[in-house]
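Trainee: Dropping in start.txt, with compact mmCIF, N, CA and C atoms.
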# COMPACT_ATOMS: atom_id res chain seq x y z
N GLY A 1275 111.84 105.89 104.29
CA GLY A 1275 111.06 105.03 103.45
C GLY A 1275 111.82 103.82 102.94
N LEU A 1276 113.12 103.75 103.19
CA LEU A 1276 113.89 102.59 102.76
C LEU A 1276 113.75 101.48 103.78
N ARG A 1277 113.71 100.26 103.29
CA ARG A 1277 113.63 99.11 104.19
C ARG A 1277 115.00 98.45 104.27
N LEU A 1278 115.44 98.18 105.50
CA LEU A 1278 116.72 97.51 105.68
C LEU A 1278 116.75 96.78 107.00
N ARG A 1279 117.68 95.88 107.12
CA ARG A 1279 117.93 95.17 108.37
C ARG A 1279 119.28 95.63 108.88
N PRO A 1280 119.34 96.21 110.06
CA PRO A 1280 120.64 96.64 110.59
C PRO A 1280 121.58 95.44 110.71
N PRO A 1281 122.80 95.58 110.23
CA PRO A 1281 123.74 94.47 110.32
C PRO A 1281 124.28 94.30 111.74
N LYS A 1282 124.68 93.09 112.07
CA LYS A 1282 125.29 92.84 113.38
C LYS A 1282 126.73 93.32 113.38
N ALA A 1283 127.40 93.19 112.26
CA ALA A 1283 128.78 93.66 112.12
C ALA A 1283 129.07 93.82 110.64
N SER A 1284 129.18 95.06 110.20
CA SER A 1284 129.42 95.31 108.78
C SER A 1284 129.86 96.75 108.59
N LEU A 1285 130.45 97.01 107.44
CA LEU A 1285 130.84 98.38 107.09
C LEU A 1285 129.86 99.00 106.10
N SER A 1286 128.74 98.30 105.84
CA SER A 1286 127.76 98.83 104.91
C SER A 1286 126.37 98.33 105.26
N LEU A 1287 125.38 99.01 104.69
CA LEU A 1287 123.97 98.62 104.81
C LEU A 1287 123.42 98.39 103.41
N TRP A 1288 122.56 97.41 103.28
CA TRP A 1288 121.83 97.19 102.04
C TRP A 1288 120.40 97.62 102.29
N ALA A 1289 119.88 98.47 101.43
CA ALA A 1289 118.51 98.95 101.57
C ALA A 1289 117.74 98.70 100.27
N ARG A 1290 116.52 98.24 100.41
CA ARG A 1290 115.66 98.02 99.24
C ARG A 1290 115.21 99.37 98.71
N VAL A 1291 115.28 99.54 97.40
CA VAL A 1291 114.82 100.79 96.79
C VAL A 1291 113.30 100.77 96.71
N PRO A 1292 112.68 101.94 96.67
CA PRO A 1292 111.22 101.99 96.51
C PRO A 1292 110.80 101.33 95.20
N GLU A 1293 109.58 100.86 95.14
CA GLU A 1293 109.08 100.22 93.93
C GLU A 1293 109.08 101.20 92.77
N GLY A 1294 109.54 100.73 91.63
CA GLY A 1294 109.54 101.57 90.42
C GLY A 1294 110.91 101.68 89.80
N PRO A 1295 111.81 102.47 90.39
CA PRO A 1295 113.11 102.66 89.75
C PRO A 1295 114.04 101.46 89.93
N THR A 1296 114.99 101.31 89.00
CA THR A 1296 116.04 100.33 89.18
C THR A 1296 117.03 100.86 90.22
N SER A 1297 117.94 100.01 90.65
CA SER A 1297 118.94 100.46 91.62
C SER A 1297 119.81 101.56 91.02
N VAL A 1298 120.11 101.49 89.74
CA VAL A 1298 120.92 102.52 89.09
C VAL A 1298 120.14 103.83 89.02
N GLN A 1299 118.89 103.77 88.63
CA GLN A 1299 118.06 104.99 88.55
C GLN A 1299 117.93 105.64 89.92
N PHE A 1300 117.71 104.83 90.93
CA PHE A 1300 117.53 105.36 92.27
C PHE A 1300 118.82 105.99 92.79
N ALA A 1301 119.95 105.32 92.58
CA ALA A 1301 121.24 105.87 93.01
C ALA A 1301 121.55 107.17 92.27
N ALA A 1302 121.23 107.24 90.99
CA ALA A 1302 121.46 108.46 90.22
C ALA A 1302 120.61 109.61 90.74
N ARG A 1303 119.38 109.31 91.09
CA ARG A 1303 118.50 110.36 91.62
C ARG A 1303 119.01 110.87 92.97
N LEU A 1304 119.48 109.95 93.82
CA LEU A 1304 120.05 110.39 95.11
C LEU A 1304 121.24 111.31 94.88
N LEU A 1305 122.08 110.95 93.93
CA LEU A 1305 123.25 111.78 93.65
C LEU A 1305 122.84 113.13 93.06
N ASP A 1306 121.97 113.11 92.06
CA ASP A 1306 121.57 114.34 91.37
C ASP A 1306 120.76 115.29 92.24
N GLU A 1307 119.85 114.74 93.03
CA GLU A 1307 118.91 115.59 93.76
C GLU A 1307 119.25 115.81 95.22
N ALA A 1308 120.07 114.93 95.81
CA ALA A 1308 120.40 115.07 97.22
C ALA A 1308 121.90 115.16 97.49
N GLY A 1309 122.70 114.92 96.45
CA GLY A 1309 124.14 114.94 96.64
C GLY A 1309 124.63 113.81 97.53
N VAL A 1310 123.91 112.68 97.51
CA VAL A 1310 124.26 111.52 98.33
C VAL A 1310 124.74 110.41 97.40
N VAL A 1311 125.91 109.87 97.70
CA VAL A 1311 126.49 108.80 96.88
C VAL A 1311 126.21 107.45 97.54
N VAL A 1312 125.56 106.58 96.80
CA VAL A 1312 125.34 105.19 97.20
C VAL A 1312 125.73 104.32 96.01
N THR A 1313 125.86 103.03 96.25
CA THR A 1313 126.21 102.11 95.17
C THR A 1313 124.98 101.32 94.75
N PRO A 1314 124.66 101.30 93.45
CA PRO A 1314 123.53 100.48 93.00
C PRO A 1314 123.83 99.01 93.24
N GLY A 1315 122.87 98.29 93.73
CA GLY A 1315 123.06 96.89 94.04
C GLY A 1315 123.41 96.02 92.85
N ILE A 1316 122.94 96.39 91.67
CA ILE A 1316 123.21 95.59 90.47
C ILE A 1316 124.70 95.46 90.21
N GLY A 1317 125.49 96.40 90.73
CA GLY A 1317 126.94 96.33 90.56
C GLY A 1317 127.56 95.14 91.27
N TYR A 1318 126.81 94.49 92.15
CA TYR A 1318 127.29 93.31 92.87
C TYR A 1318 126.69 92.03 92.30
N GLY A 1319 126.03 92.13 91.17
CA GLY A 1319 125.44 90.96 90.52
C GLY A 1319 123.93 91.08 90.44
N PRO A 1320 123.30 90.18 89.69
CA PRO A 1320 121.86 90.27 89.44
C PRO A 1320 121.01 90.23 90.70
N THR A 1321 121.44 89.54 91.74
CA THR A 1321 120.63 89.48 92.96
C THR A 1321 120.69 90.78 93.75
N GLY A 1322 121.59 91.69 93.37
CA GLY A 1322 121.67 92.99 94.02
C GLY A 1322 120.68 94.00 93.47
N GLU A 1323 120.05 93.68 92.33
CA GLU A 1323 119.07 94.60 91.77
C GLU A 1323 117.92 94.78 92.76
N GLY A 1324 117.47 96.03 92.87
CA GLY A 1324 116.40 96.35 93.81
C GLY A 1324 116.92 96.86 95.14
N TYR A 1325 118.25 96.95 95.26
CA TYR A 1325 118.88 97.42 96.49
C TYR A 1325 119.93 98.48 96.19
N ILE A 1326 120.24 99.26 97.21
CA ILE A 1326 121.40 100.14 97.17
C ILE A 1326 122.28 99.78 98.36
N ARG A 1327 123.54 100.10 98.24
CA ARG A 1327 124.49 99.82 99.32
C ARG A 1327 124.98 101.15 99.87
N LEU A 1328 124.88 101.31 101.16
CA LEU A 1328 125.31 102.53 101.84
C LEU A 1328 126.52 102.21 102.70
N SER A 1329 127.57 102.97 102.53
CA SER A 1329 128.79 102.76 103.31
C SER A 1329 128.67 103.39 104.69
N LEU A 1330 129.17 102.69 105.69
CA LEU A 1330 129.18 103.19 107.06
C LEU A 1330 130.58 103.62 107.48
N THR A 1331 131.46 103.84 106.50
CA THR A 1331 132.86 104.15 106.80
C THR A 1331 133.15 105.64 106.85
N ILE A 1332 132.12 106.45 106.93
CA ILE A 1332 132.29 107.90 107.03
C ILE A 1332 131.94 108.34 108.44
N PRO A 1333 132.36 109.53 108.84
CA PRO A 1333 132.02 110.00 110.19
C PRO A 1333 130.49 110.07 110.39
N ASP A 1334 130.07 109.83 111.62
CA ASP A 1334 128.64 109.79 111.95
C ASP A 1334 127.90 111.05 111.51
N ASP A 1335 128.51 112.22 111.68
CA ASP A 1335 127.81 113.44 111.32
C ASP A 1335 127.53 113.52 109.82
N ARG A 1336 128.45 113.02 109.00
CA ARG A 1336 128.23 113.01 107.54
C ARG A 1336 127.17 111.98 107.17
N LEU A 1337 127.18 110.84 107.85
CA LEU A 1337 126.17 109.82 107.60
C LEU A 1337 124.78 110.34 107.96
N GLU A 1338 124.67 111.01 109.10
CA GLU A 1338 123.39 111.58 109.52
C GLU A 1338 122.91 112.65 108.53
N GLU A 1339 123.82 113.45 108.01
CA GLU A 1339 123.46 114.47 107.02
C GLU A 1339 122.95 113.80 105.74
N GLY A 1340 123.60 112.73 105.31
CA GLY A 1340 123.14 112.01 104.13
C GLY A 1340 121.75 111.43 104.32
N VAL A 1341 121.48 110.89 105.49
CA VAL A 1341 120.15 110.36 105.79
C VAL A 1341 119.12 111.48 105.77
N ARG A 1342 119.46 112.62 106.33
CA ARG A 1342 118.53 113.77 106.30
C ARG A 1342 118.22 114.18 104.87
N ARG A 1343 119.23 114.20 104.02
CA ARG A 1343 119.01 114.58 102.62
C ARG A 1343 118.11 113.56 101.91
N MET A 1344 118.34 112.28 102.20
CA MET A 1344 117.49 111.26 101.58
C MET A 1344 116.05 111.38 102.08
N GLU A 1345 115.87 111.66 103.36
CA GLU A 1345 114.53 111.83 103.91
C GLU A 1345 113.81 113.00 103.25
N SER A 1346 114.54 114.06 102.94
CA SER A 1346 113.91 115.23 102.32
C SER A 1346 113.40 114.91 100.92
N LEU A 1347 114.00 113.93 100.28
CA LEU A 1347 113.55 113.53 98.94
C LEU A 1347 112.42 112.50 98.98
N ALA A 1348 112.27 111.83 100.09
CA ALA A 1348 111.36 110.67 100.18
C ALA A 1348 109.95 110.97 99.67
N SER A 1349 109.43 112.13 99.94
CA SER A 1349 108.07 112.42 99.53
C SER A 1349 107.93 112.51 98.00
N GLY A 1350 109.02 112.80 97.29
CA GLY A 1350 108.95 112.92 95.84
C GLY A 1350 109.33 111.68 95.08
N TRP A 1351 109.74 110.60 95.77
CA TRP A 1351 110.20 109.40 95.07
C TRP A 1351 109.12 108.73 94.28
N GLY A 1352 107.90 108.80 94.69
CA GLY A 1352 106.83 108.13 93.95
C GLY A 1352 106.29 108.97 92.81
N LYS A 1353 106.82 110.18 92.63
CA LYS A 1353 106.28 111.08 91.61
C LYS A 1353 106.99 110.92 90.29
Translate the structure described by the file into structure tokens.
Mentor:
Amino acid sequence: GLRLRPPKASLSLWARVPEGPTSVQFAARLLDEAGVVVTPGIGYGPTGEGYIRLSLTIPDDRLEEGVRRMESLASGWGK
């Protein structure tokens, strides 16, 4: 359910958070409910609000597991 543009060359992805929560609230929920660590976009300045930053510097299997955990929460994000 996250919207993003795959980078051509980068060590991270920026994804827009679903409508409603701030980037901090959304990142906290991912950590608390899925055990996934992301960085709230607001930490990079006001234009980062509404986004989270996902690091691509971990092994592929861990990245895929994190995506699976986020997908499992997706149905409850609007609740």
Trainee: Residues of chain A in alpha helix (DSSP H) according to DSSP, as number ranges by chain?
Mentor: A: 1297-1308, 1334-1348
Trainee: How about saving the chosen residues, N, CA and C atoms kept, as a tab-separated table (two decimals), in the frame of the given file?
Mentor:
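File produced: selection.tsv:
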chain	number	residue	atom	x	y	z
A	1297	SER	N	117.94	100.01	90.65
A	1297	SER	CA	118.94	100.46	91.62
A	1297	SER	C	119.81	101.56	91.02
A	1298	VAL	N	120.11	101.49	89.74
A	1298	VAL	CA	120.92	102.52	89.09
A	1298	VAL	C	120.14	103.83	89.02
A	1299	GLN	N	118.89	103.77	88.63
A	1299	GLN	CA	118.06	104.99	88.55
A	1299	GLN	C	117.93	105.64	89.92
A	1300	PHE	N	117.71	104.83	90.93
A	1300	PHE	CA	117.53	105.36	92.27
A	1300	PHE	C	118.82	105.99	92.79
A	1301	ALA	N	119.95	105.32	92.58
A	1301	ALA	CA	121.24	105.87	93.01
A	1301	ALA	C	121.55	107.17	92.27
A	1302	ALA	N	121.23	107.24	90.99
A	1302	ALA	CA	121.46	108.46	90.22
A	1302	ALA	C	120.61	109.61	90.74
A	1303	ARG	N	119.38	109.31	91.09
A	1303	ARG	CA	118.50	110.36	91.62
A	1303	ARG	C	119.01	110.87	92.97
A	1304	LEU	N	119.48	109.95	93.82
A	1304	LEU	CA	120.05	110.39	95.11
A	1304	LEU	C	121.24	111.31	94.88
A	1305	LEU	N	122.08	110.95	93.93
A	1305	LEU	CA	123.25	111.78	93.65
A	1305	LEU	C	122.84	113.13	93.06
A	1306	ASP	N	121.97	113.11	92.06
A	1306	ASP	CA	121.57	114.34	91.37
A	1306	ASP	C	120.76	115.29	92.24
A	1307	GLU	N	119.85	114.74	93.03
A	1307	GLU	CA	118.91	115.59	93.76
A	1307	GLU	C	119.25	115.81	95.22
A	1308	ALA	N	120.07	114.93	95.81
A	1308	ALA	CA	120.40	115.07	97.22
A	1308	ALA	C	121.90	115.16	97.49
A	1334	ASP	N	130.07	109.83	111.62
A	1334	ASP	CA	128.64	109.79	111.95
A	1334	ASP	C	127.90	111.05	111.51
A	1335	ASP	N	128.51	112.22	111.68
A	1335	ASP	CA	127.81	113.44	111.32
A	1335	ASP	C	127.53	113.52	109.82
A	1336	ARG	N	128.45	113.02	109.00
A	1336	ARG	CA	128.23	113.01	107.54
A	1336	ARG	C	127.17	111.98	107.17
A	1337	LEU	N	127.18	110.84	107.85
A	1337	LEU	CA	126.17	109.82	107.60
A	1337	LEU	C	124.78	110.34	107.96
A	1338	GLU	N	124.67	111.01	109.10
A	1338	GLU	CA	123.39	111.58	109.52
A	1338	GLU	C	122.91	112.65	108.53
A	1339	GLU	N	123.82	113.45	108.01
A	1339	GLU	CA	123.46	114.47	107.02
A	1339	GLU	C	122.95	113.80	105.74
A	1340	GLY	N	123.60	112.73	105.31
A	1340	GLY	CA	123.14	112.01	104.13
A	1340	GLY	C	121.75	111.43	104.32
A	1341	VAL	N	121.48	110.89	105.49
A	1341	VAL	CA	120.15	110.36	105.79
A	1341	VAL	C	119.12	111.48	105.77
A	1342	ARG	N	119.46	112.62	106.33
A	1342	ARG	CA	118.53	113.77	106.30
A	1342	ARG	C	118.22	114.18	104.87
A	1343	ARG	N	119.23	114.20	104.02
A	1343	ARG	CA	119.01	114.58	102.62
A	1343	ARG	C	118.11	113.56	101.91
A	1344	MET	N	118.34	112.28	102.20
A	1344	MET	CA	117.49	111.26	101.58
A	1344	MET	C	116.05	111.38	102.08
A	1345	GLU	N	115.87	111.66	103.36
A	1345	GLU	CA	114.53	111.83	103.91
A	1345	GLU	C	113.81	113.00	103.25
A	1346	SER	N	114.54	114.06	102.94
A	1346	SER	CA	113.91	115.23	102.32
A	1346	SER	C	113.40	114.91	100.92
A	1347	LEU	N	114.00	113.93	100.28
A	1347	LEU	CA	113.55	113.53	98.94
A	1347	LEU	C	112.42	112.50	98.98
A	1348	ALA	N	112.27	111.83	100.09
A	1348	ALA	CA	111.36	110.67	100.18
A	1348	ALA	C	109.95	110.97	99.67
Trainee: My list of candidates is A:Ala1348, A:Arg1343, A:Asp1335, A:Leu1276. Which is closest to Ala1308 (chain A) when distances are computed with all atoms listed in the file?
Mentor: A:Arg1343
Trainee: Just the residues within 7 Å of Leu1287 (chain A), please, counting only N, CA and C atoms, with nothing from its chain fewer than 4 positions along; format it as a list in words.
Mentor: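 Near neighbours after the sequence-gap exclusion: Arg1279, Pro1280, Pro1281, Ile1326, Arg1327, Leu1328, Ser1329 and Leu1330 of chain A.
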Trainee: Region 1309-1326 of chain A, all listed atoms, 3 Å padding on each side: what axis-aligned box centre and edge lengths in Å to one decimal come out, as lines of an AutoDock Vina configuration file?
Mentor:
center_x = 122.0
center_y = 102.2
center_z = 93.9
size_x = 17.2
size_y = 31.5
size_z = 14.9
Trainee: As an exercise, work out the distance from atom C of Asp1334 (chain A) to atom N of Gly1294 (chain A) in Å and give it to one decimal place.
Mentor: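 That distance, rounded to one decimal, is 29.0 Å.
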Trainee: Considering only C-alpha atoms, state which residue in the set A:Val1310, A:Ser1284, A:Pro1295, A:Arg1303 is at the smallest distance from Arg1336 (chain A).
Mentor: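 With only C-alpha atoms as the atom set, the closest residue is A:Val1310.
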Trainee: Can you work out the spacing between atom C of Leu1305 (chain A) and atom C of Tyr1325 (chain A) in Å, to one decimal?
Mentor: 15.3 Å
Trainee: Taking the backbone alone, and naming residues the way the document does, which bits of chain A are strand (DSSP E or B) by DSSP, as a PDB file with N, CA and C atoms, in the coordinates of the input?
Mentor:
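Wrote it out as out.pdb, contents follow:
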ATOM      1  N   ARG A1277     113.710 100.260 103.290  1.00  0.00           N
ATOM      2  CA  ARG A1277     113.630  99.110 104.190  1.00  0.00           C
ATOM      3  C   ARG A1277     115.000  98.450 104.270  1.00  0.00           C
ATOM      4  N   LEU A1278     115.440  98.180 105.500  1.00  0.00           N
ATOM      5  CA  LEU A1278     116.720  97.510 105.680  1.00  0.00           C
ATOM      6  C   LEU A1278     116.750  96.780 107.000  1.00  0.00           C
ATOM      7  N   SER A1286     128.740  98.300 105.840  1.00  0.00           N
ATOM      8  CA  SER A1286     127.760  98.830 104.910  1.00  0.00           C
ATOM      9  C   SER A1286     126.370  98.330 105.260  1.00  0.00           C
ATOM     10  N   LEU A1287     125.380  99.010 104.690  1.00  0.00           N
ATOM     11  CA  LEU A1287     123.970  98.620 104.810  1.00  0.00           C
ATOM     12  C   LEU A1287     123.420  98.390 103.410  1.00  0.00           C
ATOM     13  N   TRP A1288     122.560  97.410 103.280  1.00  0.00           N
ATOM     14  CA  TRP A1288     121.830  97.190 102.040  1.00  0.00           C
ATOM     15  C   TRP A1288     120.400  97.620 102.290  1.00  0.00           C
ATOM     16  N   ALA A1289     119.880  98.470 101.430  1.00  0.00           N
ATOM     17  CA  ALA A1289     118.510  98.950 101.570  1.00  0.00           C
ATOM     18  C   ALA A1289     117.740  98.700 100.270  1.00  0.00           C
ATOM     19  N   ARG A1290     116.520  98.240 100.410  1.00  0.00           N
ATOM     20  CA  ARG A1290     115.660  98.020  99.240  1.00  0.00           C
ATOM     21  C   ARG A1290     115.210  99.370  98.710  1.00  0.00           C
ATOM     22  N   THR A1313     125.860 103.030  96.250  1.00  0.00           N
ATOM     23  CA  THR A1313     126.210 102.110  95.170  1.00  0.00           C
ATOM     24  C   THR A1313     124.980 101.320  94.750  1.00  0.00           C
ATOM     25  N   PRO A1314     124.660 101.300  93.450  1.00  0.00           N
ATOM     26  CA  PRO A1314     123.530 100.480  93.000  1.00  0.00           C
ATOM     27  C   PRO A1314     123.830  99.010  93.240  1.00  0.00           C
ATOM     28  N   TYR A1325     118.250  96.950  95.260  1.00  0.00           N
ATOM     29  CA  TYR A1325     118.880  97.420  96.490  1.00  0.00           C
ATOM     30  C   TYR A1325     119.930  98.480  96.190  1.00  0.00           C
ATOM     31  N   ILE A1326     120.240  99.260  97.210  1.00  0.00           N
ATOM     32  CA  ILE A1326     121.400 100.140  97.170  1.00  0.00           C
ATOM     33  C   ILE A1326     122.280  99.780  98.360  1.00  0.00           C
ATOM     34  N   ARG A1327     123.540 100.100  98.240  1.00  0.00           N
ATOM     35  CA  ARG A1327     124.490  99.820  99.320  1.00  0.00           C
ATOM     36  C   ARG A1327     124.980 101.150  99.870  1.00  0.00           C
ATOM     37  N   LEU A1328     124.880 101.310 101.160  1.00  0.00           N
ATOM     38  CA  LEU A1328     125.310 102.530 101.840  1.00  0.00           C
ATOM     39  C   LEU A1328     126.520 102.210 102.700  1.00  0.00           C
ATOM     40  N   SER A1329     127.570 102.970 102.530  1.00  0.00           N
ATOM     41  CA  SER A1329     128.790 102.760 103.310  1.00  0.00           C
ATOM     42  C   SER A1329     128.670 103.390 104.690  1.00  0.00           C
TER      43      SER A1329
END
Trainee: Record the distance separating atom C of Glu1323 (chain A) and atom N of Val1298 (chain A), expressed in Å with one decimal.
Mentor: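 Between atom C of Glu1323 (chain A) and atom N of Val1298 (chain A) the gap is 7.7 Å.
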Trainee: Using only C-alpha atoms, find the one residue out of A:Leu1285, A:Val1291, A:Ala1302, A:Ser1297 that sits nearest to Gly1315 (chain A).
Mentor: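 Checking each candidate against Gly1315 (chain A), we get A:Ser1297 as the closest.
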Trainee: From the set A:Gly1324, A:Gly1309, A:Gly1319, A:Gly1340, which residue has the shortest atom-to-atom contact distance to Trp1288 (chain A), counting only C-alpha atoms?
Mentor: A:Gly1324
Trainee: With only C-alpha atoms as the basis for distance, which of A:Ala1301, A:Ala1283, A:Leu1278, A:Val1311 is at the shortest distance from Ile1332 (chain A)?
Mentor: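 Checking each of A:Ala1301, A:Ala1283, A:Leu1278, A:Val1311 against Ile1332 (chain A), counting only C-alpha atoms, the winner is A:Val1311.
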Trainee: Would you mind completing region 1305-1315 of chain A so that it carries all heavy atoms, and writing it out as a PDB file, in the frame of the given file?
Mentor:
ATOM      1  N   LEU A1305     122.080 110.950  93.930  1.00  0.00           N
ATOM      2  CA  LEU A1305     123.250 111.780  93.650  1.00  0.00           C
ATOM      3  C   LEU A1305     122.840 113.130  93.060  1.00  0.00           C
ATOM      4  O   LEU A1305     123.286 114.178  93.537  1.00  0.00           O
ATOM      5  CB  LEU A1305     124.185 111.052  92.683  1.00  0.00           C
ATOM      6  CG  LEU A1305     125.440 111.809  92.268  1.00  0.00           C
ATOM      7  CD1 LEU A1305     126.299 112.153  93.481  1.00  0.00           C
ATOM      8  CD2 LEU A1305     126.236 110.992  91.265  1.00  0.00           C
ATOM      9  N   ASP A1306     121.970 113.110  92.060  1.00  0.00           N
ATOM     10  CA  ASP A1306     121.570 114.340  91.370  1.00  0.00           C
ATOM     11  C   ASP A1306     120.760 115.290  92.240  1.00  0.00           C
ATOM     12  O   ASP A1306     120.945 116.501  92.183  1.00  0.00           O
ATOM     13  CB  ASP A1306     120.755 114.010  90.117  1.00  0.00           C
ATOM     14  CG  ASP A1306     121.565 113.325  89.037  1.00  0.00           C
ATOM     15  OD1 ASP A1306     122.818 113.361  89.103  1.00  0.00           O
ATOM     16  OD2 ASP A1306     120.947 112.734  88.129  1.00  0.00           O
ATOM     17  N   GLU A1307     119.850 114.740  93.030  1.00  0.00           N
ATOM     18  CA  GLU A1307     118.910 115.590  93.760  1.00  0.00           C
ATOM     19  C   GLU A1307     119.250 115.810  95.220  1.00  0.00           C
ATOM     20  O   GLU A1307     118.765 116.767  95.823  1.00  0.00           O
ATOM     21  CB  GLU A1307     117.499 115.011  93.635  1.00  0.00           C
ATOM     22  CG  GLU A1307     117.013 114.996  92.187  1.00  0.00           C
ATOM     23  CD  GLU A1307     115.614 114.437  92.039  1.00  0.00           C
ATOM     24  OE1 GLU A1307     114.826 114.499  93.006  1.00  0.00           O
ATOM     25  OE2 GLU A1307     115.316 113.925  90.949  1.00  0.00           O
ATOM     26  N   ALA A1308     120.070 114.930  95.810  1.00  0.00           N
ATOM     27  CA  ALA A1308     120.400 115.070  97.220  1.00  0.00           C
ATOM     28  C   ALA A1308     121.900 115.160  97.490  1.00  0.00           C
ATOM     29  O   ALA A1308     122.311 115.431  98.604  1.00  0.00           O
ATOM     30  CB  ALA A1308     119.807 113.912  98.022  1.00  0.00           C
ATOM     31  N   GLY A1309     122.700 114.920  96.450  1.00  0.00           N
ATOM     32  CA  GLY A1309     124.140 114.940  96.640  1.00  0.00           C
ATOM     33  C   GLY A1309     124.630 113.810  97.530  1.00  0.00           C
ATOM     34  O   GLY A1309     125.646 113.933  98.196  1.00  0.00           O
ATOM     35  N   VAL A1310     123.910 112.680  97.510  1.00  0.00           N
ATOM     36  CA  VAL A1310     124.260 111.520  98.330  1.00  0.00           C
ATOM     37  C   VAL A1310     124.740 110.410  97.400  1.00  0.00           C
ATOM     38  O   VAL A1310     124.059 110.048  96.443  1.00  0.00           O
ATOM     39  CB  VAL A1310     123.049 111.032  99.156  1.00  0.00           C
ATOM     40  CG1 VAL A1310     123.365 109.737  99.885  1.00  0.00           C
ATOM     41  CG2 VAL A1310     122.612 112.107 100.139  1.00  0.00           C
ATOM     42  N   VAL A1311     125.910 109.870  97.700  1.00  0.00           N
ATOM     43  CA  VAL A1311     126.490 108.800  96.880  1.00  0.00           C
ATOM     44  C   VAL A1311     126.210 107.450  97.540  1.00  0.00           C
ATOM     45  O   VAL A1311     126.556 107.245  98.699  1.00  0.00           O
ATOM     46  CB  VAL A1311     128.016 108.989  96.724  1.00  0.00           C
ATOM     47  CG1 VAL A1311     128.627 107.836  95.939  1.00  0.00           C
ATOM     48  CG2 VAL A1311     128.331 110.319  96.053  1.00  0.00           C
ATOM     49  N   VAL A1312     125.560 106.580  96.800  1.00  0.00           N
ATOM     50  CA  VAL A1312     125.340 105.190  97.200  1.00  0.00           C
ATOM     51  C   VAL A1312     125.730 104.320  96.010  1.00  0.00           C
ATOM     52  O   VAL A1312     125.907 104.805  94.900  1.00  0.00           O
ATOM     53  CB  VAL A1312     123.865 104.920  97.602  1.00  0.00           C
ATOM     54  CG1 VAL A1312     123.448 105.763  98.789  1.00  0.00           C
ATOM     55  CG2 VAL A1312     122.919 105.143  96.430  1.00  0.00           C
ATOM     56  N   THR A1313     125.860 103.030  96.250  1.00  0.00           N
ATOM     57  CA  THR A1313     126.210 102.110  95.170  1.00  0.00           C
ATOM     58  C   THR A1313     124.980 101.320  94.750  1.00  0.00           C
ATOM     59  O   THR A1313     124.309 100.727  95.615  1.00  0.00           O
ATOM     60  CB  THR A1313     127.297 101.123  95.649  1.00  0.00           C
ATOM     61  OG1 THR A1313     128.405 101.866  96.148  1.00  0.00           O
ATOM     62  CG2 THR A1313     127.753 100.226  94.523  1.00  0.00           C
ATOM     63  N   PRO A1314     124.660 101.300  93.450  1.00  0.00           N
ATOM     64  CA  PRO A1314     123.530 100.480  93.000  1.00  0.00           C
ATOM     65  C   PRO A1314     123.830  99.010  93.240  1.00  0.00           C
ATOM     66  O   PRO A1314     124.946  98.531  92.971  1.00  0.00           O
ATOM     67  CB  PRO A1314     123.451 100.764  91.494  1.00  0.00           C
ATOM     68  CG  PRO A1314     124.260 101.999  91.266  1.00  0.00           C
ATOM     69  CD  PRO A1314     125.276 102.047  92.351  1.00  0.00           C
ATOM     70  N   GLY A1315     122.870  98.290  93.730  1.00  0.00           N
ATOM     71  CA  GLY A1315     123.060  96.890  94.040  1.00  0.00           C
ATOM     72  C   GLY A1315     123.410  96.020  92.850  1.00  0.00           C
ATOM     73  O   GLY A1315     124.131  95.031  92.992  1.00  0.00           O
TER      74      GLY A1315
END
